[in-house]
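Content type PDB, C-alpha atoms, from the file my_file_4.pdb:
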```pdb
MODEL        1
ATOM      1  CA  MET A   1       0.000   0.000   0.000
ATOM      2  CA  TRP A   2       1.157   3.536  -0.799
ATOM      3  CA  ARG A   3      -0.309   6.472   1.097
ATOM      4  CA  GLY A   4       0.091  10.212   0.706
ATOM      5  CA  VAL A   5      -1.517  13.575   1.403
ATOM      6  CA  THR A   6      -1.986  16.329  -1.166
ATOM      7  CA  ARG A   7      -3.212  19.889  -0.651
ATOM      8  CA  ARG A   8      -5.560  20.989  -3.418
ATOM      9  CA  ARG A   9      -8.985  22.426  -4.147
ATOM     10  CA  PRO A  10     -11.966  20.278  -3.078
ATOM     11  CA  PHE A  11     -13.254  17.633  -5.471
ATOM     12  CA  LEU A  12     -16.852  16.543  -5.984
ATOM     13  CA  THR A  13     -18.846  17.544  -2.856
ATOM     14  CA  GLY A  14     -15.786  18.474  -0.809
ATOM     15  CA  GLY A  15     -16.779  15.761   1.641
ATOM     16  CA  SER A  16     -16.811  12.782  -0.695
ATOM     17  CA  VAL A  17     -15.140   9.514   0.254
ATOM     18  CA  ASN A  18     -14.149   7.676  -2.923
ATOM     19  CA  ARG A  19     -13.233   4.010  -3.154
ATOM     20  CA  VAL A  20     -12.345   3.310  -6.782
ATOM     21  CA  GLY A  21     -11.099   0.211  -8.581
ATOM     22  CA  THR A  22      -9.827  -3.182  -7.488
ATOM     23  CA  VAL A  23      -6.486  -4.367  -6.182
ATOM     24  CA  GLN A  24      -5.884  -6.281  -9.427
ATOM     25  CA  ARG A  25      -6.621  -3.311 -11.726
ATOM     26  CA  GLY A  26      -5.528  -0.481  -9.452
ATOM     27  CA  LYS A  27      -7.387   0.602  -6.330
ATOM     28  CA  MET A  28      -7.718   4.078  -4.832
ATOM     29  CA  VAL A  29      -9.275   5.392  -1.627
ATOM     30  CA  ILE A  30      -9.494   9.212  -1.539
ATOM     31  CA  TYR A  31     -11.016  11.634   0.981
ATOM     32  CA  ALA A  32     -10.399  15.019   2.590
ATOM     33  CA  ILE A  33      -8.974  15.160   6.120
ATOM     34  CA  ARG A  34      -8.539  18.914   6.649
ATOM     35  CA  GLN A  35     -10.120  22.156   5.470
ATOM     36  CA  PHE A  36      -7.969  25.293   5.102
ATOM     37  CA  GLU A  37      -9.144  28.906   5.300
ATOM     38  CA  ASP A  38      -8.130  29.551   1.696
ATOM     39  CA  GLY A  39     -10.664  26.960   0.525
ATOM     40  CA  THR A  40      -8.178  24.195  -0.212
ATOM     41  CA  GLN A  41      -8.210  20.824   1.501
ATOM     42  CA  LEU A  42      -5.676  18.247   2.581
ATOM     43  CA  ILE A  43      -6.592  15.109   0.655
ATOM     44  CA  ASN A  44      -5.620  11.722   2.028
ATOM     45  CA  TRP A  45      -5.210   8.996  -0.567
ATOM     46  CA  ASN A  46      -3.924   5.454  -0.748
ATOM     47  CA  THR A  47      -3.518   2.780  -3.373
ATOM     48  CA  GLU A  48      -3.168  -0.946  -2.915
ATOM     49  CA  GLN A  49      -1.542  -3.196  -5.527
ATOM     50  CA  PRO A  50      -0.158  -6.752  -5.541
ATOM     51  CA  ARG A  51       3.605  -7.161  -5.675
ATOM     52  CA  ASP A  52       5.779 -10.253  -6.121
ATOM     53  CA  ASP A  53       8.951  -8.704  -4.704
ATOM     54  CA  HIS A  54       8.293  -9.308  -1.013
ATOM     55  CA  LYS A  55      10.354  -7.170   1.327
ATOM     56  CA  PRO A  56      10.784  -7.193   5.107
ATOM     57  CA  ASN A  57       7.841  -5.480   6.799
ATOM     58  CA  ASP A  58       8.659  -1.811   7.316
ATOM     59  CA  TRP A  59       6.227   0.992   8.134
ATOM     60  CA  ALA A  60       8.748   3.811   7.634
ATOM     61  CA  THR A  61       9.678   3.367   3.965
ATOM     62  CA  PRO A  62       9.309   6.438   1.697
ATOM     63  CA  GLY A  63       7.208   5.660  -1.364
ATOM     64  CA  ARG A  64       8.131   6.285  -4.995
ATOM     65  CA  ILE A  65       5.506   7.262  -7.568
ATOM     66  CA  GLU A  66       7.110   5.103 -10.236
ATOM     67  CA  ASP A  67       6.430   2.005  -8.127
ATOM     68  CA  PHE A  68       2.638   2.351  -8.283
ATOM     69  CA  ILE A  69       1.522   4.910 -10.900
ATOM     70  CA  GLU A  70       1.363   2.575 -13.919
ATOM     71  CA  PRO A  71      -2.333   1.535 -13.576
ATOM     72  CA  PHE A  72      -3.338   5.175 -13.052
ATOM     73  CA  GLN A  73      -1.575   6.895 -15.962
ATOM     74  CA  ASP A  74      -4.885   7.589 -17.731
ATOM     75  CA  TRP A  75      -6.977   8.309 -14.626
ATOM     76  CA  LYS A  76      -7.580  11.947 -15.516
ATOM     77  CA  PHE A  77     -11.214  12.646 -14.694
ATOM     78  CA  ASP A  78     -13.046  15.951 -14.953
ATOM     79  CA  TRP A  79     -13.414  15.895 -11.152
ATOM     80  CA  LEU A  80      -9.874  14.761 -10.260
ATOM     81  CA  ASP A  81      -6.542  14.182 -12.020
ATOM     82  CA  ILE A  82      -5.092  11.160 -10.207
ATOM     83  CA  PRO A  83      -1.514  11.327 -11.606
ATOM     84  CA  GLN A  84      -1.388  15.014 -10.622
ATOM     85  CA  LEU A  85      -2.708  14.132  -7.161
ATOM     86  CA  PHE A  86       0.276  11.819  -6.755
ATOM     87  CA  ALA A  87       2.763  14.323  -8.168
ATOM     88  CA  ASP A  88       1.617  17.099  -5.809
ATOM     89  CA  ALA A  89       1.777  14.955  -2.669
ATOM     90  CA  GLU A  90       3.528  16.440   0.356
ATOM     91  CA  PHE A  91       4.921  12.990   1.099
ATOM     92  CA  ILE A  92       4.342   9.357   0.124
ATOM     93  CA  MET A  93       4.848   6.322   2.351
ATOM     94  CA  GLU A  94       4.940   2.634   1.431
ATOM     95  CA  TYR A  95       3.341   0.162   3.836
ATOM     96  CA  PRO A  96       3.079  -3.631   3.792
ATOM     97  CA  MET A  97      -0.412  -5.117   3.659
ATOM     98  CA  VAL A  98      -0.158  -7.849   6.277
ATOM     99  CA  ASP A  99      -2.189  -9.403   9.032
ATOM    100  CA  ARG A 100      -1.768 -12.275  11.480
ATOM    101  CA  ASP A 101      -3.876 -15.326  12.195
ATOM    102  CA  PRO A 102      -6.302 -14.698  15.071
ATOM    103  CA  VAL A 103      -5.202 -15.876  18.507
ATOM    104  CA  ASP A 104      -7.458 -17.437  21.137
ATOM    105  CA  ARG A 105      -6.189 -15.435  24.099
ATOM    106  CA  TRP A 106      -5.385 -11.796  24.855
ATOM    107  CA  VAL A 107      -5.102 -11.829  28.648
ATOM    108  CA  TRP A 108      -2.543 -13.332  31.009
ATOM    109  CA  ASP A 109      -3.259 -12.371  34.615
ATOM    110  CA  ARG A 110      -2.167  -8.706  34.814
ATOM    111  CA  ILE A 111      -1.242  -8.406  31.126
ATOM    112  CA  ALA A 112      -3.641  -7.766  28.231
ATOM    113  CA  LEU A 113      -3.132  -7.284  24.518
ATOM    114  CA  MET A 114      -5.232  -4.778  22.589
ATOM    115  CA  GLY A 115      -5.233  -3.023  19.228
ATOM    116  CA  ASP A 116      -2.692  -4.237  16.695
ATOM    117  CA  ALA A 117      -0.887  -6.230  19.388
ATOM    118  CA  ALA A 118      -4.015  -8.364  19.786
ATOM    119  CA  HIS A 119      -5.466  -8.437  16.279
ATOM    120  CA  PRO A 120      -3.302  -7.084  13.422
ATOM    121  CA  MET A 121      -5.575  -7.042  10.375
ATOM    122  CA  TYR A 122      -5.719  -5.773   6.827
ATOM    123  CA  PRO A 123      -6.668  -2.078   7.253
ATOM    124  CA  ARG A 124      -9.905  -2.231   5.307
ATOM    125  CA  GLY A 125     -13.127  -0.458   6.108
ATOM    126  CA  GLY A 126     -11.286   1.648   8.659
ATOM    127  CA  ASN A 127     -11.135  -1.357  10.954
ATOM    128  CA  GLY A 128      -7.395  -1.318  11.579
ATOM    129  CA  GLY A 129      -7.739   1.791  13.724
ATOM    130  CA  ALA A 130     -11.446   1.595  14.567
ATOM    131  CA  GLN A 131     -11.220  -1.738  16.360
ATOM    132  CA  ALA A 132      -8.278  -0.500  18.438
ATOM    133  CA  ILE A 133     -10.400   2.489  19.490
ATOM    134  CA  LEU A 134     -13.274   0.169  20.409
ATOM    135  CA  ASP A 135     -10.839  -1.941  22.444
ATOM    136  CA  ALA A 136      -9.800   1.150  24.373
ATOM    137  CA  GLU A 137     -13.400   2.227  24.954
ATOM    138  CA  CYS A 138     -14.433  -1.203  26.199
ATOM    139  CA  LEU A 139     -11.410  -1.657  28.462
ATOM    140  CA  SER A 140     -11.576   1.839  29.946
ATOM    141  CA  GLU A 141     -15.251   1.408  30.855
ATOM    142  CA  LEU A 142     -14.603  -1.969  32.473
ATOM    143  CA  LEU A 143     -11.618  -0.694  34.464
ATOM    144  CA  ALA A 144     -13.676   2.266  35.683
ATOM    145  CA  ASP A 145     -16.588   0.083  36.818
ATOM    146  CA  GLU A 146     -14.810  -3.044  38.101
ATOM    147  CA  GLU A 147     -12.830  -3.001  41.360
ATOM    148  CA  ASP A 148     -10.952  -6.194  40.423
ATOM    149  CA  PHE A 149      -8.854  -5.166  37.427
ATOM    150  CA  ARG A 150      -8.042  -8.792  36.610
ATOM    151  CA  ALA A 151     -11.759  -9.466  36.274
ATOM    152  CA  ALA A 152     -12.030  -6.379  34.057
ATOM    153  CA  LEU A 153      -9.305  -7.725  31.776
ATOM    154  CA  ARG A 154     -11.022 -11.102  31.507
ATOM    155  CA  GLU A 155     -14.350  -9.448  30.704
ATOM    156  CA  PHE A 156     -12.635  -7.296  28.076
ATOM    157  CA  GLU A 157     -11.337 -10.438  26.387
ATOM    158  CA  ASP A 158     -14.756 -12.104  26.581
ATOM    159  CA  ARG A 159     -16.486  -9.125  24.980
ATOM    160  CA  ARG A 160     -14.032  -8.337  22.220
ATOM    161  CA  LEU A 161     -11.970 -11.359  21.179
ATOM    162  CA  ASP A 162     -14.476 -13.373  19.130
ATOM    163  CA  THR A 163     -15.948 -10.307  17.443
ATOM    164  CA  VAL A 164     -12.609  -8.893  16.318
ATOM    165  CA  ASN A 165     -11.217 -12.261  15.244
ATOM    166  CA  LYS A 166     -14.183 -12.584  12.868
ATOM    167  CA  ILE A 167     -13.325  -9.189  11.388
ATOM    168  CA  VAL A 168      -9.695 -10.258  10.829
ATOM    169  CA  LEU A 169     -10.862 -13.267   8.816
ATOM    170  CA  THR A 170     -13.618 -11.380   6.977
ATOM    171  CA  ASN A 171     -11.131  -8.700   5.887
ATOM    172  CA  ARG A 172      -9.233 -11.480   4.117
ATOM    173  CA  SER A 173     -12.175 -13.038   2.294
ATOM    174  CA  GLN A 174     -14.971 -10.463   1.927
ATOM    175  CA  PRO A 175     -13.702  -6.999   2.877
ATOM    176  CA  PRO A 176     -15.795  -3.826   2.414
ATOM    177  CA  ASP A 177     -14.546  -3.466  -1.167
ATOM    178  CA  TYR A 178     -15.873  -6.939  -1.997
ATOM    179  CA  ILE A 179     -18.810  -5.102  -3.598
ATOM    180  CA  ILE A 180     -16.464  -3.424  -6.090
ATOM    181  CA  GLU A 181     -14.685  -6.708  -6.787
ATOM    182  CA  THR A 182     -18.031  -8.422  -7.420
ATOM    183  CA  VAL A 183     -19.170  -5.737  -9.876
ATOM    184  CA  ASP A 184     -15.775  -5.801 -11.603
ATOM    185  CA  LYS A 185     -16.081  -9.543 -12.197
ATOM    186  CA  LEU A 186     -19.614  -9.194 -13.549
ATOM    187  CA  THR A 187     -18.659  -6.411 -15.976
ATOM    188  CA  GLY A 188     -15.179  -7.583 -16.888
ATOM    189  CA  GLY A 189     -13.978  -4.121 -15.949
ATOM    190  CA  GLU A 190     -16.055  -2.498 -18.697
ATOM    191  CA  PRO A 191     -17.998   0.767 -18.131
ATOM    192  CA  PHE A 192     -21.717   0.672 -17.395
ATOM    193  CA  GLU A 193     -24.456   3.265 -16.995
ATOM    194  CA  ARG A 194     -26.664   1.797 -14.262
ATOM    195  CA  ILE A 195     -25.583  -0.459 -11.417
ATOM    196  CA  GLU A 196     -29.078  -2.000 -11.510
ATOM    197  CA  ASP A 197     -28.247  -3.420 -14.952
ATOM    198  CA  VAL A 198     -25.259  -5.262 -13.496
ATOM    199  CA  ILE A 199     -26.426  -6.593 -10.142
ATOM    200  CA  ASP A 200     -29.601  -6.600  -8.074
ATOM    201  CA  PRO A 201     -29.444  -3.764  -5.503
ATOM    202  CA  ALA A 202     -30.773  -6.235  -2.933
ATOM    203  CA  GLU A 203     -27.675  -8.386  -3.463
ATOM    204  CA  LEU A 204     -25.428  -5.357  -2.971
ATOM    205  CA  ALA A 205     -27.269  -4.512   0.226
ATOM    206  CA  ALA A 206     -26.893  -8.094   1.444
ATOM    207  CA  ILE A 207     -23.114  -8.012   0.872
ATOM    208  CA  SER A 208     -22.853  -4.743   2.768
ATOM    209  CA  ASP A 209     -25.117  -5.915   5.577
ATOM    210  CA  ARG A 210     -23.072  -9.078   6.112
ATOM    211  CA  TYR A 211     -19.916  -7.054   6.678
ATOM    212  CA  LYS A 212     -21.715  -4.552   8.901
ATOM    213  CA  ALA A 213     -23.023  -7.399  11.032
ATOM    214  CA  VAL A 214     -19.543  -8.887  11.474
ATOM    215  CA  ALA A 215     -17.995  -5.498  12.305
ATOM    216  CA  ASN A 216     -20.904  -4.420  14.542
ATOM    217  CA  TYR A 217     -21.647  -1.534  12.176
ATOM    218  CA  THR A 218     -25.379  -2.159  12.120
ATOM    219  CA  LEU A 219     -27.582   0.723  13.264
ATOM    220  CA  PRO A 220     -28.607  -0.935  16.561
ATOM    221  CA  GLU A 221     -24.932  -1.531  17.406
ATOM    222  CA  LEU A 222     -23.954   2.049  16.528
TER     223      LEU A 222
ENDMDL
END
```
Written form, structure tokens:
Amino acid sequence: MWRGVTRRRPFLTGGSVNRVGTVQRGKMVIYAIRQFEDGTQLINWNTEQPRDDHKPNDWATPGRIEDFIEPFQDWKFDWLDIPQLFADAEFIMEYPMVDRDPVDRWVWDRIALMGDAAHPMYPRGGNGGAQAILDAECLSELLADEEDFRAALREFEDRRLDTVNKIVLTNRSQPPDYIIETVDKLTGGEPFERIEDVIDPAELAAISDRYKAVANYTLPEL
């Protein structure tokens, strides 16, 4: 994965979150993270592509445009010029896309794992960071309410472990962008006018609802 931030004028609504393409053909996630007084925005973007040249995992490697721009050379839309977005980036970083098999225990007496230490996962659907935040919320509430902190740690594990382990596995097989991958397979990557002509909207909703249920993103849970 390559990630960067670029300061530029707003695109589309100014608050749009765009997930475009597939890993095999070139995938982009683009959204604004800061608004400046002069009307420009800081745009966060990332692209994920398969690579055969495996390197040691390193989260501090500067990225090079030439390593990932090839699928995007012609992505010059009337609402956003993707090659220019890359070229104007303040910085670019290269990150490995890795996870770990779920473990069946997070707590040992006075010691508890949480966040990436407990459940490193593919960072899809915002769940890499979101689940760590939910860990912290759950654990802080239990520690505040429970006099026996060891009991609080055990309850934390009981509440969170199975749920998050399911997300780790789902992010491998049917991540949030599974909808895009499904449509890409049905169309062969060719343009279309109406999504309804490609796939039943009810099927799209079912795919989305399955992931929301696993990640506890359903309205009752939220």
Hey, which of A:Asp38, A:Asn44, A:Val183, A:Ala89 ends up closest to Glu196 in chain A? Count only C-alpha atoms.
A:Val183
If the box runs along x, y and z of the file and leaves 8 Å on each side of range 102-119 of chain A, what are its centre and edge lengths in Å, one decimal, as lines of an AutoDock Vina configuration file?
```
center_x = -4.2
center_y = -10.2
center_z = 24.9
size_x = 22.6
size_y = 30.4
size_z = 35.7
```
List the spatial neighbours of Leu113 in chain A as an mmCIF file with C-alpha atoms, in the frame of the given file - criterion: any atom at most 12 Å away, all atoms listed in the file, same-chain residues fewer than 4 positions off excluded.
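Full text of selection15.cif as output:
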```cif
data_model
loop_
_atom_site.group_PDB
_atom_site.id
_atom_site.type_symbol
_atom_site.label_atom_id
_atom_site.label_comp_id
_atom_site.auth_asym_id
_atom_site.auth_seq_id
_atom_site.Cartn_x
_atom_site.Cartn_y
_atom_site.Cartn_z
ATOM 1 C CA VAL A 103 -5.202 -15.876 18.507
ATOM 2 C CA ASP A 104 -7.458 -17.437 21.137
ATOM 3 C CA ARG A 105 -6.189 -15.435 24.099
ATOM 4 C CA TRP A 106 -5.385 -11.796 24.855
ATOM 5 C CA VAL A 107 -5.102 -11.829 28.648
ATOM 6 C CA TRP A 108 -2.543 -13.332 31.009
ATOM 7 C CA ASP A 109 -3.259 -12.371 34.615
ATOM 8 C CA ALA A 117 -0.887 -6.230 19.388
ATOM 9 C CA ALA A 118 -4.015 -8.364 19.786
ATOM 10 C CA HIS A 119 -5.466 -8.437 16.279
ATOM 11 C CA PRO A 120 -3.302 -7.084 13.422
ATOM 12 C CA ALA A 132 -8.278 -0.500 18.438
ATOM 13 C CA ASP A 135 -10.839 -1.941 22.444
ATOM 14 C CA ALA A 136 -9.800 1.150 24.373
ATOM 15 C CA LEU A 139 -11.410 -1.657 28.462
ATOM 16 C CA LEU A 153 -9.305 -7.725 31.776
ATOM 17 C CA ARG A 154 -11.022 -11.102 31.507
ATOM 18 C CA PHE A 156 -12.635 -7.296 28.076
ATOM 19 C CA GLU A 157 -11.337 -10.438 26.387
ATOM 20 C CA ARG A 160 -14.032 -8.337 22.220
ATOM 21 C CA LEU A 161 -11.970 -11.359 21.179
#
```
Env of range 188-191 of chain A: 10 Å cut, atoms = all atoms listed in the file, seq-sep filter 6 positions within chain, self excluded. Answer as an MDAnalysis selection string.
chainID A and resid 21:22 25 181:182
Could you list, as a VMD selection string, every residue within 9 Å of Ala60 in chain A, counting only C-alpha atoms and ignoring same-chain residues fewer than 5 positions away?
chain A and resid 93 to 95
Contact residues around Leu85 in chain A with all atoms listed in the file at 10 Å, ignoring same-chain residues under 3 positions, as a VMD selection string:
chain A and resid 4 to 8 43 to 45 76 80 to 82 88 to 89
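Straight-line separation from CA of Glu137 in chain A to CA of Asp177 in chain A: 26.8 Å.
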Could you tell me which residues the PyMOL selection byres ((chain A and resi 2) around 10) grabs in this file, written as a ChimeraX atom specification?
/A:1,3-4,28,45-49,61-65,67-68,92-97
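With CA of Asp148 in chain A on one side and CA of Leu134 in chain A on the other, the separation reads 21.1 Å.
The interatomic distance for the pair CA of Pro201 in chain A and CA of Thr187 in chain A works out to 15.3 Å.
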For the file shown, report as a count of residues only the outcome of the PyMOL selection byres ((chain A and resi 171) around 9) at residue level.
17
